[in-house]
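Student: One structure coming up, written as structure tokens, with questions to follow.
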Amino acid sequence: MTSTPQQLHSGSQNKNVLQDVAPPAKLSGKEIVYKYIVFLPLFIVSVGIALTVAYINLRYKVPIYSSSISLLIKDDKSSRGGGEDLISENLTTYKKKTNLANEIEMIKSNSMLSRVVRILNLNWQYYNEGNIKRIELYGNTSIHANWVELKDSSIGAGIILVRKRESVYIQFGPNRYKKIFSGDIVEYPFGKMRVFFDPNEIQKDNKYIISYQPTANVAGGIAGGLQIRQLSKETSILSLSINMEVPQKGRDILNTLVNVYNDVNVEDKNKIVDNTIRFIDERLTVLTGELGKIEDELQGFKQQNGVVPLEEQSKLEFTKSDVLKEKMVALDVKSEVIKEIREYLSNPRKKYELVVTPFDITDVALTALVTQYNTLQLKRVELLKTTTPDNHLAKNLDSQLEKLRINILEDLSNISKNSIALNKAYQDQSEEQLSKLRIIPERERTYLEIMRQEGIKEKEYLFLLQKREESEITRASTIGNSIPIDPAVSGGQVSPDVAGTYRSSFVVGFLIPIIFIYLIDLLNDKIIVRNDIARVTVAPIIGEVAHHSSQNRVLVVSNKDRSVLAEQFRILRTNVSFLLGANIKSPVLLVTSSIAGEGKTFCSMNLAAVWGIAGKKTVILELDLRKPKIAKSLGLINVKGITHFMLGQVPAESIPIPIPNTENLYIVPAGIIPPNPSEMIMDPRMGEFMAYLKTQFDLIIIDSAPVGLVSDSKIIAQLCDATIYIVRQRFTVKKQLPFINELYTQNLLPNIGILVNDVKIGGINSYYGYGYGYGYGYSYNYNYNYRYGSERITLWTKIKSLFKI
């Protein structure tokens with residue numbers, strides 16, 4: 001435990017050489033384990049508290065379950081019905097390439113989820129709040145409510161139902177209740193709510209909560225818990241999952257969301273068809289009126305003039321005329337279609353609506369422009385679902401649409417010009433044919449004109465009827481672009497994670513003591529282990545004195561004492577002998593420390609006692625003239641001492657006083673406390689007195705003042721042969737150790753040897769480190785029976801010794 005005599009002798013011979021401070025020793029694995037194992041009760045308590053907290057948390061926490069559904073997203077081709085083949089490509093211009101990222105955002109949109117909330121009536125939520133936890137009532141419950149009148153749907157509302165005796169009440173506060181019956185109306189400033197419930201379902205000790213939340217709030221809550229992910233990059237299957245307290249509620253939300261998503265897709269795809277049907281219906285209404293007028297005119301003509309038959313000789317010319325009429329009819333239909341489209345595109349209110357495909361115009365460029373225009377319109381509609389019209393992407397689409405609109409109008413203008421020119425040519429040819437038929441009576445010409453007009457309108461009417469029927473077939477055959485692979489299913493409990501919570505609590509409970517111990521070590525500035533001294537100073541450690549629990553005993557060493565403390569002072573005596581050397585007669589030993597309270601007096605007296613037991617005539621010189629303690633502790637009051645000698649009041653031979661019950665041990669008291677201790681020690685008479693003591697005693701031990709506070713010890717050190725420097729475990733501050741190293745390396749005090757006082761061998765603050773220290777103490781107490789007095793070491797005492805601080 002202490003330095004060997006050879007090490008001490010070597011240290012005394014080389015103390016004038018400045019040595020490097022030894023690097024700090026590292027803790028071994030065994031020492032690290034013992035460092036923490038001595039805090040085992042703290043670990044047990046901390047882990048126990050953490051697990052208890054985890055149990056309470058799990059006990060009161062409502063379980064959450066996961067529900068999921070897999071949704072196959074098809075491309076646009078696979079989502080159309082069989083009626084598509086019945087309609088021309090010019091009519092079915094809706095072509096869409098599926099983008100899964102867009103579909104995910106569409107599914108999670110507030111408008112989509114709001115429809116789900118309204119369908120399932122999720123604005124209303126019902127809870128049964130017991131003493132431990134609150135359970136949501138969903139589906140099979142007689143408690144429900146609805147609005148009789150609602151002025152502001154953006155405000156939430158709630159009701160608490162409780163049962164007292166045989167009646168049900170609404171609770172407004174801690175002691176405010178109002179009796180209520182099923183079907184009663186509860187009035188709010190913003191509406192009236194009707195409440196329904198079965199009184200038998202209202203339990204006495206529970207509270208039943210009826211809560212209404214605005215649709216947007218509920219939809220936002222669902223969106224926050226809804227998880228959508230693509231199963232893999234190779235598939236277009238989306239996995240939708242949501243965590244809910246009630247598994248059935250989660251399944252209902254997912255199934256309804258899939259249905260709503262398909263409905264929205266169908267509505268989106270039918271927008272072009274709906275616009276076409278609306279345009280055809282408008283034209284049919286106009287044509288019906290025009291045909292009615294022509295038929296009335298023809299009926300009147302026939303009633304007035306009858307039918308004029310054609311002459312056989314004019315049949316050939318009439319045949320040619322009919323051919324021209326057919327061409328003119330086609331041109332008229334074409335002109336009407338162009339006129340309607342131009343009016344449609346020129347109408348500012350229909351700026352962002354789809355344009356009907358010009359189904360009787362064979363111009364390829366016009367068809368391509370209209371198709372591109374409609375595609376951009378649909379793209380704009382999709383974009384505005386996730387952004388605003390002021391977005392730069394939306395503005396870019398508006399610019400492209402405007403350019404296409406101008407190009408379509410220009411193309412229609414060119415086609416119209418060509419049609420006018422061609423119609424003029426047909427008119428000229430018709431006039432030529434009519435000139436040949438002027439022999440036909442005027443009434444017959446009038447009749448033919450009426451029939452021609454009727455034929456034009458009738459053909460246009462039949463054409464539009466056919467296109468309308470085809471559009472209806474297309475609308476009826478449109479299906480959604482997604483298919484749920486299976487209905488929504490609920491999995492196991494996802495929250496709380498029982499095993500994970502206990503694991504985390506155990507880890508936290510285990511880490512808290514570790515952090516606590518680490519902080520204790522980090523904040524500790526006192527000397528605890530031997531290594532704290534060895535790594536800062538090269539001065540030798542000549543001994544350790546164990547902790548002594550009795551505060552009243554000054555001398556603990558006696559002739560027959562075999563305690564640990566006595567043996568430690570005997571070891572110290574041996575080491576000091578080697579520190580002094582064999583050639584010094586009547587050596588003078590200086591005992592000092594850095595500050596007061598480190599045990600100089602205790603160590604001085606017992607070291608002197610152990611030398612007296614060995615037959616050496618020893619004297620203790622009480623030279624701590626500022627705060628003397630030895631004489632007072634021995635009961636020597638108002639005795640003559642050093643200061644009296646220095647003042648010439650008493651002779652030197654009358655000062656040493658024998659200590660009772662201790663062989664060969666004397667004390668020289670300090671005497672009265674002088675006002676100038678340092679100057680008195682420097683007086684030449686001090687040298688004379690020391691010379692006298694050397695002639696009378698084998699060993700002189702000087703109990704001096706702390707060297708770190710006053711200069712007394714440095715002055716008296718000139719008369720000394722060696723120095724015992726006291727440091728106290730758990731008391732001396734680590735920052736004082738470099739001062740000891742400076743005294744040793746600069747030879748400011750003679751032959752310094754460090755004595756560690758008040759050492760605790762076992763427990764948390766073991767001087768010998770974690771693990772080894774306890775083994776050392778155990779060996780002394782039980783193998784050699786070294787213990788204080790006749791105290792019996794019980795099992796409880798051994799356990800407590802592990803955790804001494």
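Here, A, B, ... name the chains of the structure tokens in the order displayed, residue numbers run from 1 inside each chain, and ligands are numbered from 1 in the same displayed order.
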If we count only C-alpha atoms, what is near Lys325 in chain A at a cut-off of 9 Å, once residues fewer than 4 positions away on the same chain are taken out, given as a list in words?
Tutor: Lys320, Ser321, Val329, Ala330, Tyr426, Ser430 and Arg452 of chain A
Student: Residues at most 7 Å from Ile73 in chain A, counting only C-alpha atoms, excluding those fewer than 2 positions away in the same chain, as a CSV table (one decimal) with N, CA and C atoms, in the first residue's frame?
Tutor:
chain,number,residue,atom,x,y,z
A,71,LEU,N,-54.1,-0.8,-52.7
A,71,LEU,CA,-54.9,-0.2,-53.8
A,71,LEU,C,-54.1,-0.3,-55.0
A,75,ASP,N,-53.5,2.5,-65.2
A,75,ASP,CA,-53.4,3.6,-66.1
A,75,ASP,C,-54.7,3.9,-66.8
A,236,SER,N,-47.6,-0.5,-59.3
A,236,SER,CA,-48.4,0.7,-59.1
A,236,SER,C,-49.4,0.4,-58.0
A,237,ILE,N,-49.0,-0.3,-57.0
A,237,ILE,CA,-49.8,-0.6,-55.8
A,237,ILE,C,-49.5,0.3,-54.7
A,481,ASN,N,-60.0,4.4,-61.8
A,481,ASN,CA,-58.7,3.9,-62.2
A,481,ASN,C,-58.0,3.2,-61.1
A,482,SER,N,-58.7,2.7,-60.1
A,482,SER,CA,-58.1,2.0,-59.0
A,482,SER,C,-59.0,0.8,-58.6
A,483,ILE,N,-58.4,-0.2,-58.0
A,483,ILE,CA,-59.1,-1.4,-57.5
A,483,ILE,C,-58.5,-1.8,-56.2
Student: Would you kindly return, as a ChimeraX atom specification, each protein, DNA or RNA residue with an atom no farther than 7 Å from any atom of range 196-205 of chain A, considering only C-alpha atoms and excluding same-chain residues fewer than 6 positions away?
Tutor: /A:142-145,162-164,168,182-183
Student: Include N, CA, C and O atoms and write out the residues we just selected as a short mmCIF file (atom, residue, chain, number, x, y, z; two decimals), in the first residue's frame.
Tutor:
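Below is the file that was written, result22.cif:
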data_model
loop_
_atom_site.label_atom_id
_atom_site.label_comp_id
_atom_site.auth_asym_id
_atom_site.auth_seq_id
_atom_site.Cartn_x
_atom_site.Cartn_y
_atom_site.Cartn_z
N SER A 142 -75.87 3.53 -28.46
CA SER A 142 -77.14 4.25 -28.58
C SER A 142 -76.96 5.74 -28.38
O SER A 142 -77.89 6.52 -28.57
N ILE A 143 -75.76 6.16 -27.97
CA ILE A 143 -75.50 7.58 -27.73
C ILE A 143 -75.13 8.25 -29.04
O ILE A 143 -74.16 7.86 -29.70
N HIS A 144 -75.88 9.23 -29.45
CA HIS A 144 -75.54 10.01 -30.64
C HIS A 144 -76.26 11.35 -30.58
O HIS A 144 -77.14 11.57 -29.74
N ALA A 145 -75.85 12.24 -31.47
CA ALA A 145 -76.42 13.59 -31.50
C ALA A 145 -76.39 14.11 -32.93
O ALA A 145 -75.65 13.59 -33.78
N VAL A 162 -73.56 12.42 -17.45
CA VAL A 162 -73.28 11.63 -16.24
C VAL A 162 -74.60 11.12 -15.67
O VAL A 162 -75.67 11.67 -15.92
N ARG A 163 -74.48 10.04 -14.92
CA ARG A 163 -75.68 9.46 -14.29
C ARG A 163 -75.61 9.67 -12.79
O ARG A 163 -74.62 9.37 -12.15
N LYS A 164 -76.70 10.21 -12.27
CA LYS A 164 -76.85 10.39 -10.83
C LYS A 164 -78.18 9.76 -10.41
O LYS A 164 -79.24 10.19 -10.88
N VAL A 168 -80.18 11.08 -15.87
CA VAL A 168 -78.99 11.46 -16.62
C VAL A 168 -78.91 12.98 -16.66
O VAL A 168 -79.92 13.67 -16.86
N SER A 182 -83.52 11.75 -23.30
CA SER A 182 -83.18 11.42 -24.68
C SER A 182 -84.10 12.17 -25.64
O SER A 182 -85.32 12.18 -25.48
N GLY A 183 -83.50 12.82 -26.63
CA GLY A 183 -84.25 13.60 -27.60
C GLY A 183 -84.33 15.08 -27.27
O GLY A 183 -84.84 15.86 -28.08
#
Student: Quick one, how far is CA of Val273 in chain A from CA of Thr474 in chain A?
Tutor: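 We find that CA of Val273 in chain A and CA of Thr474 in chain A lie 7.4 Å from each other.
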Student: Can you tell me, as a PyMOL selection string, which residues in range 90-337 of chain A count as alpha helix (DSSP H) by DSSP?
Tutor: chain A and resi 100-107+110-120+215-225+247-269+271-305+315-337
Student: Excluding range 596-611 of chain A and residues on its chain fewer than 2 positions from it, collect all residues at most 9 Å away from it, counting only C-alpha atoms, and give them as a PyMOL selection string.
Tutor: chain A and resi 545+554-559+566+569-570+572-573+591-594+613-620+622+628-630+662-666+699-706+709+725-729+731-732+755+757-758
Student: Please list as number ranges by chain every residue within 7 Å of Pro750 in chain A, counting only C-alpha atoms and excluding residues in the same chain fewer than 3 positions away.
Tutor: A: 717, 720-723, 747
Student: Go ahead and write the selection's residues with N, CA and C atoms as a CSV table (one decimal), in the first residue's frame.
Tutor:
chain,number,residue,atom,x,y,z
A,717,ALA,N,11.7,24.7,9.2
A,717,ALA,CA,12.2,23.5,8.4
A,717,ALA,C,13.7,23.6,8.3
A,720,CYS,N,15.1,21.1,10.7
A,720,CYS,CA,14.5,19.7,10.7
A,720,CYS,C,15.3,18.9,9.7
A,721,ASP,N,15.2,17.6,9.9
A,721,ASP,CA,15.9,16.6,9.0
A,721,ASP,C,14.9,16.0,8.0
A,722,ALA,N,13.6,15.9,8.2
A,722,ALA,CA,12.7,15.3,7.3
A,722,ALA,C,11.3,16.0,7.6
A,723,THR,N,10.4,15.8,6.5
A,723,THR,CA,9.1,16.4,6.6
A,723,THR,C,8.0,15.4,6.3
A,747,ASN,N,13.1,21.6,-3.1
A,747,ASN,CA,13.8,21.4,-1.9
A,747,ASN,C,13.5,22.5,-0.9
Student: Considering only C-alpha atoms, return as a PDB file with N, CA, C and O atoms, in the first residue's frame whatever protein or nucleic-acid residues lie within 10 Å of Gln736 in chain A, sequence-local ones (same chain, fewer than 5 positions apart) excluded.
Tutor:
ATOM      1  N   LYS A 526     -11.901  16.629  -4.576  1.00  0.00           N
ATOM      2  CA  LYS A 526     -11.146  16.171  -3.408  1.00  0.00           C
ATOM      3  C   LYS A 526     -10.328  14.924  -3.782  1.00  0.00           C
ATOM      4  O   LYS A 526     -10.627  14.216  -4.740  1.00  0.00           O
ATOM      5  N   ILE A 527      -9.303  14.690  -2.996  1.00  0.00           N
ATOM      6  CA  ILE A 527      -8.494  13.481  -3.184  1.00  0.00           C
ATOM      7  C   ILE A 527      -9.308  12.272  -2.730  1.00  0.00           C
ATOM      8  O   ILE A 527      -9.783  12.226  -1.593  1.00  0.00           O
ATOM      9  N   VAL A 536       0.078  13.570  -9.728  1.00  0.00           N
ATOM     10  CA  VAL A 536       0.324  15.012  -9.667  1.00  0.00           C
ATOM     11  C   VAL A 536       1.694  15.334  -9.074  1.00  0.00           C
ATOM     12  O   VAL A 536       2.351  16.277  -9.490  1.00  0.00           O
ATOM     13  N   SER A 594      -1.166  21.393   4.019  1.00  0.00           N
ATOM     14  CA  SER A 594      -1.483  22.577   3.212  1.00  0.00           C
ATOM     15  C   SER A 594      -2.410  23.518   3.949  1.00  0.00           C
ATOM     16  O   SER A 594      -2.219  24.734   3.938  1.00  0.00           O
ATOM     17  N   ILE A 595      -3.448  22.953   4.586  1.00  0.00           N
ATOM     18  CA  ILE A 595      -4.432  23.763   5.281  1.00  0.00           C
ATOM     19  C   ILE A 595      -4.765  23.101   6.604  1.00  0.00           C
ATOM     20  O   ILE A 595      -4.349  21.959   6.867  1.00  0.00           O
ATOM     21  N   GLY A 708       0.761  25.848   3.694  1.00  0.00           N
ATOM     22  CA  GLY A 708       0.069  26.527   2.609  1.00  0.00           C
ATOM     23  C   GLY A 708      -0.562  27.828   3.027  1.00  0.00           C
ATOM     24  O   GLY A 708      -1.037  28.583   2.166  1.00  0.00           O
ATOM     25  N   VAL A 727      -1.851  14.846   3.920  1.00  0.00           N
ATOM     26  CA  VAL A 727      -3.021  15.107   3.073  1.00  0.00           C
ATOM     27  C   VAL A 727      -4.143  14.198   3.570  1.00  0.00           C
ATOM     28  O   VAL A 727      -3.884  13.102   4.072  1.00  0.00           O
ATOM     29  N   ASN A 741       4.256  19.180  -4.848  1.00  0.00           N
ATOM     30  CA  ASN A 741       5.284  18.804  -5.821  1.00  0.00           C
ATOM     31  C   ASN A 741       6.337  19.905  -5.961  1.00  0.00           C
ATOM     32  O   ASN A 741       7.529  19.638  -6.103  1.00  0.00           O
TER      33      ASN A 741
END
Student: Looking at A:Lys327, A:Lys760, A:Arg342, A:Lys192, which one is nearest to Leu422 in chain A, with distances taken over only C-alpha atoms?
Tutor: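 Closest residue, counting only C-alpha atoms: A:Lys327.
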Student: Return the single residue from A:Ala670, A:Ala582, A:Ala365, A:Leu523 that is closest to Asn414 in chain A, with distances computed using only C-alpha atoms.
Tutor: A:Ala365
Student: Near Ser505 in chain A, within 8 Å and counting only C-alpha atoms, which residues show up once chain neighbours fewer than 5 positions away are dropped, as a list of chain:residue names?
Tutor: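 So, after excluding close chain neighbours, the residues are A:Val47, A:Ala50, A:Leu51, A:Ala54.
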Student: Mind giving me the straight-line distance from CA of Leu298 in chain A to CA of Tyr447 in chain A in Å, one decimal?
Tutor: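 That distance, rounded to one decimal, is 7.5 Å.
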Student: With distances taken over only C-alpha atoms, which residue among A:Leu590, A:Val668, A:Val381, A:Ile517 lies nearest Ile716 in chain A?
Tutor: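 Ranked by minimum distance to Ile716 in chain A, first place goes to A:Leu590.
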Student: Check the smallest atom-to-atom distance from each of A:Met451, A:Leu397, A:Ile170, A:Val195 to Leu291 in chain A using only C-alpha atoms, then report the winner.
Tutor: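 Of A:Met451, A:Leu397, A:Ile170, A:Val195, the one nearest Leu291 in chain A is A:Met451, counting only C-alpha atoms.
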Student: Using only C-alpha atoms for the distances, tell me which of A:Met690, A:Val62, A:Ile520, A:Leu448 is nearest to Leu719 in chain A.
Tutor: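 That would be A:Met690, the residue with the smallest distance to Leu719 in chain A.
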